[in-house]
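Worksheet: the structure to be examined is printed underneath.
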Amino acid sequence: MDSMDASLASPDLGLGLDFPFWVASRRRFKPDDPFFASGNLERELLAKHVALDLTEDERYQLQRMEIADANLFCPIAGCGARLECLEEFEDHYNTRHIASCSVCYRVYPTSRLLSIHISEVHDSFFQAKVARGFPMYECLVEGCGAKLKSYKSRQRHLIDKHRFPSSFEFYKKAHPSKHQRQKLQRKAYKSSDAKDHESFMDLDGKKESKQTHPNHYRPKQESKTETERESEMEVEAKLDHPETTETKVETKSETKKEKPTTETEMEVEDIVSGISKLSTVDASSPSSVSFGHRHSRGFAFVPRSVRNQNQNQNYKKEATRKP
Amino acid sequence: MASEDTSPSHSHHRDSIKSSVTNTAANKRRQQAISIGKERREALIRAKRLCRDSIFEDDKNEKGLDEGEMVIDEEQSVLNARTAQTVQELKSSLSYQGKDATRKTTEALRALRKLLSKSEVPPIEAAIQGGAVPLLVQCLSFGSTDEQLLEAAWCVTNIAAGGPEETKSLLPALPFLIAHLGEKSSVHVAEQCAWALGNVAGEDMELRSILFAQGALLPLTRLMLSNRGSTARTAAWALSNLIKGPDPMAANELIRIEAITDTIIKHLKTADEELVTEVTWVVVYLSALSDKAISILVRSDVVPVLVNRLVGSESLQLLIPVLRSLGNLVAADAYITHSVLIVGNDITGHVLYGLIKCLKSEHRVLKKEALWVLSNIAAGTLEHKALIFSSEAVPLLIDLLSAAPFEIRKEAAYTLGNICVGPTKGSDNKCDIIVAHLVPLVKGGCLPGFVNLVRSADLESARVGLKFLELVMRGYPNGEGPKLVEREDGIDAMERFQFHENQEMRNMANTLVDKYFGADYGV
């Protein structure tokens, strides 16, 4: 894929970006284009002498019906689920393409990725094998079967063999604060490859409940200074995870930013209880790959269809009004 | 996600699964309702009109008889039997050579006509099965009385309001119907024949081609000139069905008729709103199908007259074709935006006013199609973009982008995006970003709506959303774009595409994420 290579290879000049930029141009439709379907329907519904006998109810329903609702399928690779209407997609995505880890609340679109995550992040036995040189890091693309010896080499494999974007990170650090990024960079310069895992793990373990990444379900927040945000995140973390013991431990450990190994050890106990509480994923999840989001599940998930009910009420009025 | 875990924080997962399970039953019902609705919808789109009442008031045949009442309330089987019997009576009266033949024929025709017009569900099938069509053709032949012609044409009208097979069975009658449109015909007969032809033409392209080949266009057009309102209306409606395509042949031929433009303009100015409506639909199809027509129309008075209607009318029925005609013209020919709707001319202000009026309306169709027109105007000159930007359209646009039904949001998105880029594409395939428009629009809260579009399952919408996000990230001053996008969950939305099945979408999203949220983001 030339486009990928181009964006990797060329310096960031703003030129040569292979992207279909917005161009303002007039759009024209043929008379039988579905775009006009609702207008054509309206013409007939309003006409006198209509040949079709319609009940009031039918008239209303026809006016309300989404004309372009045929052949809608979920576009996530490997899913192909039939969607009744576009509005349904969001709910479908949130129920079918999200699998969450009960230990750290990270969310993945497939059960396979979730289990890979659990092995790599919450399983000390996994780390033990890695330390002894076994290739443990599975390729994320189902069916590939490759196993790599380190997180970084797996990363490289994904980019080279499977054309993943260079910015892809299985462990999304959710765009950490500038301070933390600089720390990470300093660490990366100092340590070897093996230690990198720990620093990733490290950040992972610590940063579980920290979220600099806003999400749908929170009210929008004004931009804050970093320190404000960090302390706020800790408060939010406590709100999010009031029940489980693991996170209480983690919250405490957030304040300590050293000694990665002790944290890993601490987690082992938590893992035992954590694993027993693992959420399993529904069997019909797609076979293809996706990565983790940092959605907090501490807030109630309200399907868009329910949230939109108020809006629908308003639009109901529209149809029954006579011209 | 099908959680076996019992911790409270996961119960809401289970609820959402539960609701999606019980919903499948409701979904099935809804699906059924949609498929039934689709059939009815498609039947409606065939644009048939049933003639239930006499086309002229003072019809002495209607007065004094209680069969002038609306419904013959009978069971379908009884109705069918009566129909078959009536057809037999017609048959025998036609072969009857005696003194009263004409009267008998007329009576039989009338009886058949009443069955076909006063019944709730006209027994069309039964009439055809009984052999009515050849008999009706016979009645439509030259030499029949005006009364017979009228009744026969009326029967054919209602048979032609039926389904595809039923309509096609009328092929033998077509040349006669066309012939009786002639200027020597009684105006009532001509009108009734036009109505019948309108129903036939509404059926499908094949029948339209046949009618066109048989020469229906010219006489219908002439009939549209009639001084009699109902005749002109019926002819205009039939004409719109005849030229609606998708083959542009008839539309191209229509515009070549001398003085057609003047006729159209004359009718567009009348007080009879129904006539204006039907004639405007003729303009809709002319402007959609015929480049020649477009070229003529944009240079004529049609545009100002349509604009006046747009501004002055409150009737949904009229506004739909007016809006669409203007939309077709603006979309097809740059002449309009560059030479007619020049910023500063009154007409331009009027158009904007009229479009905004439609945006504020409650009707989905008006909103959607007005946005389409507006988006095309916004694709015009810098002056047009500035004009729209400084009008009261902008808050409406942002609102519609955020809260309206999907198809409207998409159109609002096009409009807003078009306002933010210059008219010319550079050698690098980019248009200049009009920062003076982009910044206020983003500050006005348009970003969430675009991010929402990125999340859509509809590819085109997602593309529109991504393209706008690119504008923001590239053009927002002080490099603040990416941060703003992130704040609205834009990264999330874009990252969803990493595993989209469509490679183009994956590339689009990944390119942006790589460029703007790469390893050095924020450093």
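Convention: chains lettered A, B, ... in structure tokens order; per-chain residue numbering from 1; ligands numbered from 1 as shown.
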
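Secondary structure from DSSP on the backbone puts helix (DSSP H, G or I) at the following positions of region 361-394 of chain B: Arg364, Val365, Leu366, Lys367, Lys368, Glu369, Ala370, Leu371, Trp372, Val373, Leu374, Ser375, Asn376, Ile377, Leu382, Glu383, His384, Lys385, Ala386, Leu387, Ile388, Phe389, Ala393 and Val394 of chain B.
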
Just the residues within 12 Å of Ala238 (chain B), please, counting only C-alpha atoms, with nothing from its chain fewer than 4 positions along; format it as number ranges by chain. B: 47-49, 157, 178, 181, 191-203, 208, 211, 216-217, 219-221, 223-224, 231-234, 242-244, 278-279, 281-282

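CA of Ile356 (chain B) sits 21.6 Å away from CA of Phe29 (chain A).
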
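With only C-alpha atoms as the atoms that count, the residue of B:Glu504, B:Glu166, B:Asp399, B:Glu362 with the shortest distance to chain A is B:Glu362.
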
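Counting from CA of Lys410 (chain B), the distance to CA of Val451 (chain B) is 11.9 Å.
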
Pick the closest to chain A from B:Gln138, B:Thr261, B:Gln498, B:Thr106: which is it, counting only C-alpha atoms? B:Gln498

Have a look at CA of Asp53 (chain B) and CA of Lys269 (chain B) and let me know their distance in Å, one decimal. 28.1 Å

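Minimum atom-to-atom distances from B:Leu239, B:Cys155, B:Leu441, B:Leu329 to chain A were compared using only C-alpha atoms, and the lowest value belongs to B:Leu329.
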
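Those residues that approach Arg154 (chain A) to within 10 Å, counting only C-alpha atoms, are Pro135, Met136, Tyr137, Glu138, Cys139, Leu140, Ala146, Lys147, Leu148, Lys149, Ser150, Tyr151, Lys152, Arg156, His157, Leu158, Ile159, Asp160 and Phe170 of chain A; same-chain residues fewer than 2 positions away are not listed.
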
Produce a file of the selected residues containing N, CA and C atoms, as a compact mmCIF listing (two decimals), in the first residue's frame.
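The resulting selection-v3.txt:
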# COMPACT_ATOMS: atom_id res chain seq x y z
N PRO A 135 8.58 -17.34 22.86
CA PRO A 135 7.78 -16.35 22.11
C PRO A 135 6.33 -16.42 22.55
N MET A 136 5.90 -15.42 23.27
CA MET A 136 4.58 -15.46 23.88
C MET A 136 3.59 -14.44 23.28
N TYR A 137 4.15 -13.46 22.62
CA TYR A 137 3.26 -12.39 22.14
C TYR A 137 2.62 -12.79 20.82
N GLU A 138 1.36 -13.13 20.91
CA GLU A 138 0.62 -13.56 19.72
C GLU A 138 0.38 -12.41 18.76
N CYS A 139 0.40 -12.75 17.49
CA CYS A 139 -0.03 -11.76 16.51
C CYS A 139 -1.53 -11.51 16.72
N LEU A 140 -1.93 -10.27 16.60
CA LEU A 140 -3.31 -9.91 16.89
C LEU A 140 -4.27 -10.30 15.77
N ALA A 146 1.33 -16.24 14.27
CA ALA A 146 2.72 -15.92 14.62
C ALA A 146 2.82 -15.57 16.09
N LYS A 147 3.94 -15.95 16.70
CA LYS A 147 4.21 -15.54 18.09
C LYS A 147 5.57 -14.89 18.16
N LEU A 148 5.58 -13.79 18.85
CA LEU A 148 6.82 -13.01 18.90
C LEU A 148 7.36 -12.96 20.32
N LYS A 149 8.62 -12.63 20.39
CA LYS A 149 9.23 -12.69 21.72
C LYS A 149 9.02 -11.46 22.57
N SER A 150 8.70 -10.35 21.90
CA SER A 150 8.51 -9.15 22.70
C SER A 150 7.36 -8.33 22.16
N TYR A 151 6.90 -7.45 23.00
CA TYR A 151 5.82 -6.56 22.61
C TYR A 151 6.24 -5.76 21.38
N LYS A 152 7.45 -5.25 21.43
CA LYS A 152 7.93 -4.43 20.33
C LYS A 152 8.04 -5.21 19.03
N ARG A 156 6.17 -4.65 15.51
CA ARG A 156 6.82 -4.56 14.21
C ARG A 156 6.18 -5.53 13.22
N HIS A 157 5.89 -6.70 13.71
CA HIS A 157 5.26 -7.72 12.87
C HIS A 157 3.93 -7.21 12.34
N LEU A 158 3.16 -6.60 13.19
CA LEU A 158 1.86 -6.08 12.79
C LEU A 158 2.00 -5.01 11.72
N ILE A 159 2.98 -4.15 11.91
CA ILE A 159 3.16 -3.06 10.97
C ILE A 159 3.70 -3.56 9.65
N ASP A 160 4.69 -4.45 9.74
CA ASP A 160 5.32 -4.92 8.51
C ASP A 160 4.46 -5.91 7.75
N PHE A 170 -1.26 -1.66 20.98
CA PHE A 170 -2.22 -2.54 21.62
C PHE A 170 -2.52 -2.02 23.03

Non-local contacts of Gly422 (chain B) (8 Å; only C-alpha atoms; under 2 positions in same chain excluded) as an NGL selection string: (:A and (24)) or (:B and (381-382 or 418-420 or 424-425 or 431-434))

Produce a file of the selected residues containing N, CA, C and O atoms, as a short mmCIF file (atom, residue, chain, number, x, y, z; two decimals), in the first residue's frame.
data_model
loop_
_atom_site.label_atom_id
_atom_site.label_comp_id
_atom_site.auth_asym_id
_atom_site.auth_seq_id
_atom_site.Cartn_x
_atom_site.Cartn_y
_atom_site.Cartn_z
N ALA A 24 -15.11 21.53 -2.30
CA ALA A 24 -16.50 21.99 -2.39
C ALA A 24 -16.97 21.86 -3.83
O ALA A 24 -16.50 22.56 -4.71
N THR B 381 -19.14 30.71 -5.16
CA THR B 381 -18.04 31.65 -5.01
C THR B 381 -17.81 31.99 -3.55
O THR B 381 -18.63 31.69 -2.68
N LEU B 382 -16.69 32.67 -3.30
CA LEU B 382 -16.39 33.11 -1.94
C LEU B 382 -17.49 33.99 -1.39
O LEU B 382 -17.82 33.94 -0.20
N ASN B 418 -18.68 23.00 3.01
CA ASN B 418 -18.49 23.81 1.81
C ASN B 418 -18.25 25.28 2.15
O ASN B 418 -17.52 25.98 1.45
N ILE B 419 -18.85 25.74 3.24
CA ILE B 419 -18.64 27.12 3.66
C ILE B 419 -17.19 27.34 4.08
O ILE B 419 -16.67 28.46 3.99
N CYS B 420 -16.55 26.29 4.53
CA CYS B 420 -15.21 26.45 5.11
C CYS B 420 -14.06 26.30 4.12
O CYS B 420 -12.90 26.47 4.52
N THR B 424 -11.52 27.02 -5.25
CA THR B 424 -10.62 26.42 -6.22
C THR B 424 -9.69 25.40 -5.59
O THR B 424 -9.18 25.59 -4.49
N LYS B 425 -9.46 24.36 -6.35
CA LYS B 425 -8.61 23.28 -5.88
C LYS B 425 -7.20 23.54 -6.35
O LYS B 425 -6.98 23.81 -7.53
N CYS B 431 -8.33 22.35 -1.24
CA CYS B 431 -8.90 23.69 -1.32
C CYS B 431 -8.39 24.49 -0.13
O CYS B 431 -8.12 23.93 0.93
N ASP B 432 -8.28 25.78 -0.32
CA ASP B 432 -7.88 26.63 0.80
C ASP B 432 -8.94 26.57 1.89
O ASP B 432 -10.13 26.53 1.59
N ILE B 433 -8.47 26.62 3.10
CA ILE B 433 -9.42 26.63 4.21
C ILE B 433 -9.73 28.06 4.58
O ILE B 433 -8.82 28.89 4.72
N ILE B 434 -11.00 28.35 4.72
CA ILE B 434 -11.40 29.71 5.10
C ILE B 434 -11.46 29.75 6.63
O ILE B 434 -12.48 29.44 7.24
#
